[in-house]
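Comments concern the structure below.
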2 protein chains.
Amino acid sequence: MSTTKLFEYIDKHQNDYVAQLKEIVAIPSVSADASYRPEVNRMGEWFKAKLEKLGASTKRVDPGKQLLNGQPLQLPPVILATYGNDPAKKTILLYGHYDVQPALIEDGWATDPWVLTEDDSGRLFGRGSTDDKGPVLGWLCVIAAHQALGLEVPVNLKFCLEGMEESGSEGLEKVILQEANNYFKGTDAICISDNYWLGKSKPCLTYGLRGVSYFRILIKGPGADLHSGVHGGSIHEPMTDLIHLMSRLVLPDGTILVPGILDDVAPLTKEEEETYKNLDFSLSDYHDSVGAATTIHSSEKATLMHRWRYPALSLHGIEGAFSSPGAKTVIPSKVQGKFSIRTVPDQDPERITRIVTEHIEAEFRKLGSKNACEVECLHHGRSWKSSPDHWNYLAGAKAVKEVYGVDPDMTREGGSIPVTLTFQDALQKNVLLLPMGACDDGAHSINEKLDRKNFIQGIKLMGAYLHQVAEIK
Amino acid sequence: MSTTKLFEYIDKHQNDYVAQLKEIVAIPSVSADASYRPEVNRMGEWFKAKLEKLGASTKRVDPGKQLLNGQPLQLPPVILATYGNDPAKKTILLYGHYDVQPALIEDGWATDPWVLTEDDSGRLFGRGSTDDKGPVLGWLCVIAAHQALGLEVPVNLKFCLEGMEESGSEGLEKVILQEANNYFKGTDAICISDNYWLGKSKPCLTYGLRGVSYFRILIKGPGADLHSGVHGGSIHEPMTDLIHLMSRLVLPDGTILVPGILDDVAPLTKEEEETYKNLDFSLSDYHDSVGAATTIHSSEKATLMHRWRYPALSLHGIEGAFSSPGAKTVIPSKVQGKFSIRTVPDQDPERITRIVTEHIEAEFRKLGSKNACEVECLHHGRSWKSSPDHWNYLAGAKAVKEVYGVDPDMTREGGSIPVTLTFQDALQKNVLLLPMGACDDGAHSINEKLDRKNFIQGIKLMGAYLHQVAEIK
């Protein structure tokens with residue numbers, strides 16, 4: 001393997017890579033704001049041109065229009081690319097996104113969010129630095145480095161770059177399904193670099209994500225909002241019913257009160273339990289990151305298990321009740337409680353909807369109220385769990401060892417990255433999440449950053465991963 | 001007594017009274033909107049001029065400035081007037097207000113809200129017709145009728161007319177306290193015509209109002225809102241704690257769960273219980289008025305008792321949680337639950353605050369949460385109960401019998417009319433609420449109306465009341 005030369009080259013040209021990152025951070029490709037849409041498109045075209053310059057063949061797919069604030073708006077293109085077409089090589093599909101979260105210096109940024117700025121510790125501040133321009137650029141740097149060294153890229157690559165990830169990936173699923181047996185045909189595995197290390201110092205491979213089932217409970221009573229002075233005491237108040245129902249969903253210690261909710265949770269194996277040892281995670285760091293020591297569990301292991309492998313129920317709020325500052329003496333006539341359950345393997349969303357609905361309806365009957373109650377699952381997405389024994393993961397783990405000298409943490413995440421499941425379902429291939437950035441990068445916050453070390457070692461990691469994929473059985 | 005001639009005169013001049021009401025409904029004296037302030041002032045001046053023309057001496061009190069949308073704005077004047085000064089006569093202080101609720105024809109009015117319009121059933125539609133221009137005008141018509149007939153008004157009258165009643169009576173309390181031993185000196189009793197009959201056909205005297213204690217529960221957890229996917233299951237969520245606390249305040253059947261809350265409620269006497277018989281109130285009418293048959297109690301008596309003489313606790317809403325349409329997967333870091341208790345004789349607001357706070361703090365300790373909890377009473381106003389045996393009420397009841405041929409319903413109301421208590425406390429005199437309009441007048445709604453019958457009979461009632469006051473011991 002020729003990664004020694006590759007790594008040397010990457011180290012030597014790191015300032016060039018940082019300069020390129022600076023060039024693309026300067027394009028404010030904010031997908032949430034219609035007025036920035038030309039910049040999003042410009043960013044997509046930049047990557048398309050770059051890929052073409054590297055010799056890739058590209059395809060621009062227009063996913064159609066979205067409705068933004070009631071106005072139809074052309075969605076940014078999905079940029080597809082193919083680099084290499086050797087039937088003797090494995091083919092890896094790389095996904096990333098070129099849009100970013102909004103950012104205004106007035107929000108509290110210490111530096112201009114659109115000017116990549118490095119501090120004394122090598123932190124590269126700028127919107128999109130870590131999410132997800134740095135990682136996407138990383139793959140291109142790997143190809144360019146091979147070309148400069150006269151080395152062959154050891155696998156065929158396909159790219160799928162979208163410009164709507166920060167706005168719900170609108171239009172992407174349709175494109176993936178449509179291209180599954182076309183442009184994406186021949187893919188052996190998928191690799192996505194769009195999440196983060198568990199801590200600040202140790203790399204990880206991520207093999208699982210929770211799903212989500214989002215519910216509302218609607219309670220309808222009187223024909224209009226009533227004055228609580230005039231009517232309080234004589235009427236079944238919808239808020240009282242709703243608060244009682246919401247209190248029967250989850251306890252303050254996180255216990256979900258829906259009967260049977262844990263029946264389908266995959267049992268914890270010895271093997272899985274082992275992966276929780278020696279993780280780069282401490283409760284005190286976690287307390288720092290959430291700004292309070294209000295964690296439920298007293299051990300790191302239990303805390304992570306309840307974020308990764310057990311379901312959780314969160315009460316988000318109430319629509320239709322008084323929610324402003326101050327005091328208002330209203331009896332709301334119709335209120336909707338919103339809550340969601342983070343679901344895990346092997347929970348089935350259809351069964352979750354059924355048992356949650358049955359539970360709430362049974363609790364409502366116990367209330368003895370004359371109001372009306374409806375339960376609805378507004379949307380659900382399944383949990384995702386990959387096979388960490390797959391060669392895709394073994395290649396990733398070997399690459400980490402090669403670059404960082406350690407075995408990676410094997411992590412899961414509590415949230416959803418729906419594209420992961422879409423790729424797995426559409427292509428029926430293994431998906432690896434291979435993060436570049438650290439837990440404190442602040443992807444959606446002010447002062448988003450990517451450490452120079454993570455960026456440069458990350459480019460090496462990507463190169464090493466492709467070589468390991470090529471070698472592995 | 002010379003009321004026979006008085007009543008004949010009033011009947012004969014009823015179109016003149018309706019024409020005067022039309023003249024003042026045309027002045028859009030909306031106190032809530034700064035742009036209408038000149039109209040509010042014009043309305044105040046109209047009454048002042050009218051009182052002077054009748055021979056009253058008047059005084060204009062400027063209560064100072066208010067802040068409306070951050071802008072200082074001169075408050076409308078409080079118009080004081082004195083009619084008659086005979087030490088041999090009783091002195092009655094009359095309160096009313098000359099401002100009105102906002103009204104736009106686009107809100108759904110069938111007719112122009114500023115043009116008093118009579119339909120075939122004799123309903124006089126127009127903003128302010130019943131609340132409170134009709135009743136205030138009624139007192140002036142009584143004086144004018146006496147003068148036209150060459151009759152003496154049998155009592156001394158004082159007037160207190162404000163222009164901010166629909167906007168919290170800002171500035172009024174200060175004026176009342178300041179004038180208690182000055183302009184209002186010598187007052188023997190107070191009469192206010194600014195509420196409504198219990199039903200549509202039978203007059204009432206109102207002798208009680210509930211108070212209100214408004215609370216918030218604040219739960220603080222993490223330093224910032226968190227993503228429920230990433231953190232759900234590992235953190236004590238403020239919403240979960242708050243929902244549990246709110247569920248321990250009141251049951252769906254209205255039972256308040258604060259220990260000791262009923263200890264100070266005045267016991268129900270046989271005498272009081274008698275007053276609930278034969279009231280002009282039916283559950284089916286009540287269901288129609290609230291738009292649903294979701295009442296808790298199965299009898300009229302219990303329904304009214306729980307609106308009038310027992311406390312009630314209403315959960316109003318939550319500040320800081322997700323309250324918009326749609327779905328958002330947030331763990332709010334800081335939430336505030338708002339609720340209020342309608343208080344009754346002989347509950348003491350200070351004790352209510354203490355037992356509510358103790359109850360919530362005790363329940364919070366049971367939750368075993370690491371979050372922080374604070375309870376605060378945002379404001380409170382005491383309940384009010386007059387002495388229905390006082391001569392002021394006996395005079396009112398005799399006047400009702402004289403005009404309507406029936407004994408009035410003796411009613412209370414669930415809401416607060418703070419000025420009632422302010423007058424009673426400041427002057428230490430009996431206050432009678434003597435309504436003119438019916439329960440379906442729609443005081444704050446579209447298509448506000450005053451029935452011609454209620455208006456004209458109401459003027460007679462006011463006249464009869466003054467004569468009964470003069471005669472009674």
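Within each chain, counting starts at residue 1; across the structure tokens, chains are named A, B, ... in the order shown, with ligands numbered 1 upward in that order.
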When the cut-off is 7 Å and we count only C-alpha atoms, which residues of chain A are near chain B, given as a VMD selection string?
-> chain A and resid 221 to 223 228 to 236 239 to 241 243 to 244 246 to 247 251 to 254 290 to 292 294 to 297 303 306 to 307 312 to 319 321 to 325 329 to 331 342 367 369 to 371 413 to 416
Enumerate the residues of segment 204-321 of chain B with a DSSP assignment of strand (DSSP E), computed from the backbone, and present them as a list in words.
->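 Those residues are Cys204, Leu205, Thr206, Tyr207, Gly208, Leu209, Gly211, Val212, Ser213, Tyr214, Phe215, Arg216, Ile217, Leu218, Ile219, Lys220, Leu226, His227, Ala312, Leu313, Ser314, Leu315, His316, Gly317, Ile318 and Glu319 of chain B.
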Go ahead and write the selection's residues with N, CA, C and O atoms as a CSV table (one decimal), in the first residue's frame.
chain,number,residue,atom,x,y,z
B,204,CYS,N,-82.0,40.5,37.3
B,204,CYS,CA,-81.3,40.0,38.4
B,204,CYS,C,-80.5,41.2,39.1
B,204,CYS,O,-80.3,42.3,38.5
B,205,LEU,N,-80.2,40.9,40.4
B,205,LEU,CA,-79.2,41.8,41.1
B,205,LEU,C,-78.0,40.9,41.4
B,205,LEU,O,-78.1,39.8,41.7
B,206,THR,N,-76.8,41.5,41.2
B,206,THR,CA,-75.6,40.7,41.3
B,206,THR,C,-74.9,41.1,42.5
B,206,THR,O,-74.6,42.3,42.7
B,207,TYR,N,-74.6,40.1,43.4
B,207,TYR,CA,-74.0,40.5,44.7
B,207,TYR,C,-72.7,39.9,45.0
B,207,TYR,O,-72.1,40.0,46.1
B,208,GLY,N,-72.1,39.2,44.0
B,208,GLY,CA,-70.8,38.5,44.3
B,208,GLY,C,-70.0,38.3,43.0
B,208,GLY,O,-70.5,38.1,41.9
B,209,LEU,N,-68.7,38.4,43.1
B,209,LEU,CA,-67.8,38.1,42.0
B,209,LEU,C,-66.6,37.3,42.6
B,209,LEU,O,-66.2,37.5,43.7
B,211,GLY,N,-62.6,36.1,42.9
B,211,GLY,CA,-61.3,36.8,42.7
B,211,GLY,C,-60.5,35.9,41.8
B,211,GLY,O,-60.9,34.8,41.3
B,212,VAL,N,-59.2,36.2,41.6
B,212,VAL,CA,-58.3,35.4,40.8
B,212,VAL,C,-56.9,35.5,41.4
B,212,VAL,O,-56.4,36.5,41.8
B,213,SER,N,-56.3,34.3,41.4
B,213,SER,CA,-54.8,34.3,41.8
B,213,SER,C,-54.1,33.6,40.6
B,213,SER,O,-54.5,32.4,40.3
B,214,TYR,N,-53.2,34.3,39.9
B,214,TYR,CA,-52.6,33.8,38.7
B,214,TYR,C,-51.2,33.3,39.0
B,214,TYR,O,-50.4,34.1,39.5
B,215,PHE,N,-50.9,32.1,38.6
B,215,PHE,CA,-49.6,31.5,39.0
B,215,PHE,C,-48.8,31.1,37.7
B,215,PHE,O,-49.3,30.8,36.7
B,216,ARG,N,-47.5,31.0,37.9
B,216,ARG,CA,-46.6,30.3,36.9
B,216,ARG,C,-45.7,29.4,37.7
B,216,ARG,O,-45.3,29.7,38.8
B,217,ILE,N,-45.4,28.2,37.0
B,217,ILE,CA,-44.4,27.3,37.5
B,217,ILE,C,-43.3,27.3,36.5
B,217,ILE,O,-43.6,27.1,35.3
B,218,LEU,N,-42.1,27.6,36.9
B,218,LEU,CA,-41.0,27.7,36.0
B,218,LEU,C,-40.1,26.4,36.3
B,218,LEU,O,-39.7,26.2,37.4
B,219,ILE,N,-39.8,25.7,35.2
B,219,ILE,CA,-38.9,24.6,35.3
B,219,ILE,C,-37.7,24.9,34.4
B,219,ILE,O,-37.9,25.1,33.2
B,220,LYS,N,-36.5,24.8,35.0
B,220,LYS,CA,-35.3,25.1,34.2
B,220,LYS,C,-34.4,23.9,34.2
B,220,LYS,O,-34.2,23.3,35.3
B,226,LEU,N,-32.5,21.6,23.5
B,226,LEU,CA,-31.7,20.5,22.9
B,226,LEU,C,-32.5,19.7,21.9
B,226,LEU,O,-33.8,19.7,21.9
B,227,HIS,N,-31.8,19.0,21.0
B,227,HIS,CA,-32.4,18.1,20.0
B,227,HIS,C,-32.9,16.8,20.7
B,227,HIS,O,-32.1,16.2,21.4
B,312,ALA,N,-62.2,27.5,41.3
B,312,ALA,CA,-61.9,26.7,40.1
B,312,ALA,C,-60.5,26.9,39.7
B,312,ALA,O,-60.0,28.0,39.9
B,313,LEU,N,-59.9,25.9,39.2
B,313,LEU,CA,-58.5,26.0,38.7
B,313,LEU,C,-58.4,25.7,37.2
B,313,LEU,O,-58.9,24.7,36.8
B,314,SER,N,-57.9,26.7,36.4
B,314,SER,CA,-57.8,26.5,35.0
B,314,SER,C,-56.3,26.5,34.6
B,314,SER,O,-55.6,27.4,35.0
B,315,LEU,N,-55.9,25.5,33.7
B,315,LEU,CA,-54.6,25.5,33.2
B,315,LEU,C,-54.6,26.2,31.9
B,315,LEU,O,-55.3,25.8,30.9
B,316,HIS,N,-53.9,27.3,31.8
B,316,HIS,CA,-54.0,28.2,30.6
B,316,HIS,C,-53.0,27.8,29.5
B,316,HIS,O,-53.4,27.9,28.3
B,317,GLY,N,-51.8,27.4,29.8
B,317,GLY,CA,-50.9,27.1,28.8
B,317,GLY,C,-49.4,27.1,29.3
B,317,GLY,O,-49.2,27.2,30.5
B,318,ILE,N,-48.5,26.9,28.3
B,318,ILE,CA,-47.1,26.8,28.6
B,318,ILE,C,-46.3,27.7,27.8
B,318,ILE,O,-46.4,27.8,26.6
B,319,GLU,N,-45.5,28.5,28.4
B,319,GLU,CA,-44.6,29.4,27.7
B,319,GLU,C,-43.2,28.8,27.6
B,319,GLU,O,-42.7,28.2,28.6
Shell of 12 Å around Leu279 of chain B, only C-alpha atoms, local chain residues under 5 positions omitted, as JSON, numbers by chain | {"B": [197, 198, 199, 200, 201, 202, 203, 204, 205, 273, 274, 300, 301, 304, 406, 407, 408, 409, 410, 411, 412]}
Which residue gives the smallest distance to Leu6 of chain B among B:Asn181, B:Asn69, B:Gln457, B:Asn85, with only C-alpha atoms counted?
-> B:Gln457
So which residues touch segment 96-108 of chain A within 9 Å, counting only C-alpha atoms, skipping near sequence neighbours fewer than 4 positions away, as a ChimeraX atom specification?
-> /A:28-33,40,43-44,47,112-114,127-128,131-133,135-136,159-167,192-194,443-447
Could you tell me, as an mmCIF file with N, CA, C and O atoms, in the first residue's frame, which residues of segment 80-257 of chain B DSSP assigns to alpha helix (DSSP H) when given the backbone?
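That gives us out_4.cif:
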data_model
loop_
_atom_site.group_PDB
_atom_site.id
_atom_site.type_symbol
_atom_site.label_atom_id
_atom_site.label_comp_id
_atom_site.auth_asym_id
_atom_site.auth_seq_id
_atom_site.Cartn_x
_atom_site.Cartn_y
_atom_site.Cartn_z
ATOM 1 N N GLY B 134 -75.526 52.288 26.681
ATOM 2 C CA GLY B 134 -76.963 52.242 26.980
ATOM 3 C C GLY B 134 -77.232 52.474 28.463
ATOM 4 O O GLY B 134 -78.003 53.383 28.830
ATOM 5 N N PRO B 135 -76.600 51.688 29.352
ATOM 6 C CA PRO B 135 -76.830 51.894 30.786
ATOM 7 C C PRO B 135 -76.425 53.293 31.279
ATOM 8 O O PRO B 135 -77.178 53.917 32.052
ATOM 9 N N VAL B 136 -75.269 53.814 30.836
ATOM 10 C CA VAL B 136 -74.845 55.141 31.308
ATOM 11 C C VAL B 136 -75.857 56.197 30.862
ATOM 12 O O VAL B 136 -76.294 57.048 31.646
ATOM 13 N N LEU B 137 -76.255 56.084 29.580
ATOM 14 C CA LEU B 137 -77.251 57.023 29.058
ATOM 15 C C LEU B 137 -78.556 56.913 29.854
ATOM 16 O O LEU B 137 -79.242 57.918 30.096
ATOM 17 N N GLY B 138 -78.877 55.682 30.245
ATOM 18 C CA GLY B 138 -80.103 55.438 31.010
ATOM 19 C C GLY B 138 -80.225 56.344 32.227
ATOM 20 O O GLY B 138 -81.273 56.952 32.463
ATOM 21 N N TRP B 139 -79.151 56.476 33.015
ATOM 22 C CA TRP B 139 -79.192 57.347 34.205
ATOM 23 C C TRP B 139 -79.507 58.797 33.805
ATOM 24 O O TRP B 139 -80.266 59.482 34.486
ATOM 25 N N LEU B 140 -78.925 59.243 32.694
ATOM 26 C CA LEU B 140 -79.147 60.633 32.270
ATOM 27 C C LEU B 140 -80.596 60.823 31.837
ATOM 28 O O LEU B 140 -81.211 61.875 32.098
ATOM 29 N N CYS B 141 -81.158 59.792 31.172
ATOM 30 C CA CYS B 141 -82.552 59.862 30.741
ATOM 31 C C CYS B 141 -83.482 59.964 31.958
ATOM 32 O O CYS B 141 -84.517 60.657 31.914
ATOM 33 N N VAL B 142 -83.113 59.289 33.045
ATOM 34 C CA VAL B 142 -83.917 59.348 34.269
ATOM 35 C C VAL B 142 -83.958 60.782 34.806
ATOM 36 O O VAL B 142 -85.030 61.310 35.141
ATOM 37 N N ILE B 143 -82.796 61.417 34.853
ATOM 38 C CA ILE B 143 -82.755 62.812 35.338
ATOM 39 C C ILE B 143 -83.589 63.712 34.426
ATOM 40 O O ILE B 143 -84.427 64.503 34.896
ATOM 41 N N ALA B 144 -83.382 63.570 33.105
ATOM 42 C CA ALA B 144 -84.084 64.426 32.142
ATOM 43 C C ALA B 144 -85.594 64.238 32.257
ATOM 44 O O ALA B 144 -86.364 65.208 32.175
ATOM 45 N N ALA B 145 -86.039 62.985 32.441
ATOM 46 C CA ALA B 145 -87.482 62.724 32.548
ATOM 47 C C ALA B 145 -88.058 63.400 33.787
ATOM 48 O O ALA B 145 -89.148 63.989 33.746
ATOM 49 N N HIS B 146 -87.310 63.320 34.902
ATOM 50 C CA HIS B 146 -87.765 64.028 36.111
ATOM 51 C C HIS B 146 -87.915 65.510 35.836
ATOM 52 O O HIS B 146 -88.924 66.130 36.187
ATOM 53 N N GLN B 147 -86.922 66.104 35.200
ATOM 54 C CA GLN B 147 -86.960 67.551 34.933
ATOM 55 C C GLN B 147 -88.150 67.914 34.044
ATOM 56 O O GLN B 147 -88.861 68.879 34.292
ATOM 57 N N ALA B 148 -88.374 67.080 32.994
ATOM 58 C CA ALA B 148 -89.470 67.358 32.062
ATOM 59 C C ALA B 148 -90.825 67.293 32.779
ATOM 60 O O ALA B 148 -91.763 68.024 32.445
ATOM 61 N N LEU B 149 -90.900 66.378 33.762
ATOM 62 C CA LEU B 149 -92.165 66.218 34.495
ATOM 63 C C LEU B 149 -92.263 67.167 35.682
ATOM 64 O O LEU B 149 -93.275 67.175 36.394
ATOM 65 N N LEU B 172 -57.675 54.338 36.947
ATOM 66 C CA LEU B 172 -58.912 54.601 37.689
ATOM 67 C C LEU B 172 -58.748 54.427 39.192
ATOM 68 O O LEU B 172 -59.258 55.237 39.981
ATOM 69 N N GLU B 173 -58.042 53.368 39.596
ATOM 70 C CA GLU B 173 -57.938 53.087 41.033
ATOM 71 C C GLU B 173 -57.354 54.286 41.779
ATOM 72 O O GLU B 173 -57.841 54.690 42.832
ATOM 73 N N LYS B 174 -56.311 54.872 41.156
ATOM 74 C CA LYS B 174 -55.658 56.037 41.768
ATOM 75 C C LYS B 174 -56.670 57.168 41.955
ATOM 76 O O LYS B 174 -56.707 57.807 43.020
ATOM 77 N N VAL B 175 -57.505 57.398 40.940
ATOM 78 C CA VAL B 175 -58.499 58.472 41.013
ATOM 79 C C VAL B 175 -59.508 58.185 42.127
ATOM 80 O O VAL B 175 -59.857 59.069 42.920
ATOM 81 N N ILE B 176 -59.956 56.924 42.210
ATOM 82 C CA ILE B 176 -60.955 56.573 43.241
ATOM 83 C C ILE B 176 -60.376 56.788 44.650
ATOM 84 O O ILE B 176 -61.022 57.392 45.512
ATOM 85 N N LEU B 177 -59.136 56.308 44.852
ATOM 86 C CA LEU B 177 -58.511 56.449 46.173
ATOM 87 C C LEU B 177 -58.336 57.925 46.532
ATOM 88 O O LEU B 177 -58.570 58.341 47.672
ATOM 89 N N GLN B 178 -57.957 58.704 45.536
ATOM 90 C CA GLN B 178 -57.686 60.125 45.727
ATOM 91 C C GLN B 178 -58.976 60.902 46.021
ATOM 92 O O GLN B 178 -58.979 61.846 46.805
ATOM 93 N N GLU B 179 -60.097 60.474 45.397
ATOM 94 C CA GLU B 179 -61.354 61.218 45.550
ATOM 95 C C GLU B 179 -62.254 60.643 46.654
ATOM 96 O O GLU B 179 -63.320 61.198 46.937
ATOM 97 N N SER B 228 -34.195 16.517 20.525
ATOM 98 C CA SER B 228 -34.720 15.355 21.246
ATOM 99 C C SER B 228 -34.164 14.041 20.710
ATOM 100 O O SER B 228 -34.164 13.035 21.415
ATOM 101 N N GLY B 229 -33.683 14.051 19.457
ATOM 102 C CA GLY B 229 -33.061 12.832 18.943
ATOM 103 C C GLY B 229 -31.727 12.582 19.619
ATOM 104 O O GLY B 229 -31.472 11.494 20.145
ATOM 105 N N VAL B 230 -30.909 13.603 19.664
ATOM 106 C CA VAL B 230 -29.560 13.461 20.207
ATOM 107 C C VAL B 230 -29.603 13.191 21.719
ATOM 108 O O VAL B 230 -28.857 12.356 22.217
ATOM 109 N N HIS B 231 -30.486 13.897 22.445
ATOM 110 C CA HIS B 231 -30.419 13.875 23.904
ATOM 111 C C HIS B 231 -31.569 13.156 24.602
ATOM 112 O O HIS B 231 -31.481 12.907 25.803
ATOM 113 N N PRO B 238 -37.400 19.349 31.189
ATOM 114 C CA PRO B 238 -38.269 20.281 31.913
ATOM 115 C C PRO B 238 -39.762 20.107 31.588
ATOM 116 O O PRO B 238 -40.604 20.216 32.480
ATOM 117 N N MET B 239 -40.081 19.812 30.318
ATOM 118 C CA MET B 239 -41.491 19.638 29.954
ATOM 119 C C MET B 239 -42.120 18.469 30.706
ATOM 120 O O MET B 239 -43.277 18.545 31.119
ATOM 121 N N THR B 240 -41.390 17.371 30.845
ATOM 122 C CA THR B 240 -41.939 16.204 31.546
ATOM 123 C C THR B 240 -42.255 16.568 32.992
ATOM 124 O O THR B 240 -43.338 16.271 33.508
ATOM 125 N N ASP B 241 -41.317 17.244 33.640
ATOM 126 C CA ASP B 241 -41.549 17.665 35.025
ATOM 127 C C ASP B 241 -42.772 18.577 35.110
ATOM 128 O O ASP B 241 -43.643 18.407 35.972
ATOM 129 N N LEU B 242 -42.821 19.551 34.205
ATOM 130 C CA LEU B 242 -43.907 20.545 34.267
ATOM 131 C C LEU B 242 -45.267 19.883 34.046
ATOM 132 O O LEU B 242 -46.240 20.181 34.761
ATOM 133 N N ILE B 243 -45.338 18.999 33.063
ATOM 134 C CA ILE B 243 -46.615 18.333 32.770
ATOM 135 C C ILE B 243 -47.061 17.529 33.986
ATOM 136 O O ILE B 243 -48.248 17.538 34.348
ATOM 137 N N HIS B 244 -46.125 16.854 34.647
ATOM 138 C CA HIS B 244 -46.492 16.095 35.850
ATOM 139 C C HIS B 244 -46.992 17.036 36.943
ATOM 140 O O HIS B 244 -47.993 16.756 37.601
ATOM 141 N N LEU B 245 -46.316 18.149 37.137
ATOM 142 C CA LEU B 245 -46.767 19.097 38.174
ATOM 143 C C LEU B 245 -48.148 19.655 37.838
ATOM 144 O O LEU B 245 -49.024 19.745 38.707
ATOM 145 N N MET B 246 -48.355 20.017 36.567
ATOM 146 C CA MET B 246 -49.650 20.590 36.178
ATOM 147 C C MET B 246 -50.768 19.555 36.340
ATOM 148 O O MET B 246 -51.909 19.908 36.646
ATOM 149 N N SER B 247 -50.421 18.263 36.125
ATOM 150 C CA SER B 247 -51.446 17.217 36.273
ATOM 151 C C SER B 247 -51.821 17.015 37.742
ATOM 152 O O SER B 247 -52.804 16.344 38.036
#
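Of the listed residues (B:Pro418, B:Gly396, B:Pro267, B:Pro154), B:Pro267 comes nearest to Gln347 of chain B; the distances count only C-alpha atoms.
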Just how far from atom CA of Cys191 of chain A is atom CA of Val431 of chain A, in Å to one decimal?
->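 It comes out at 5.7 Å.
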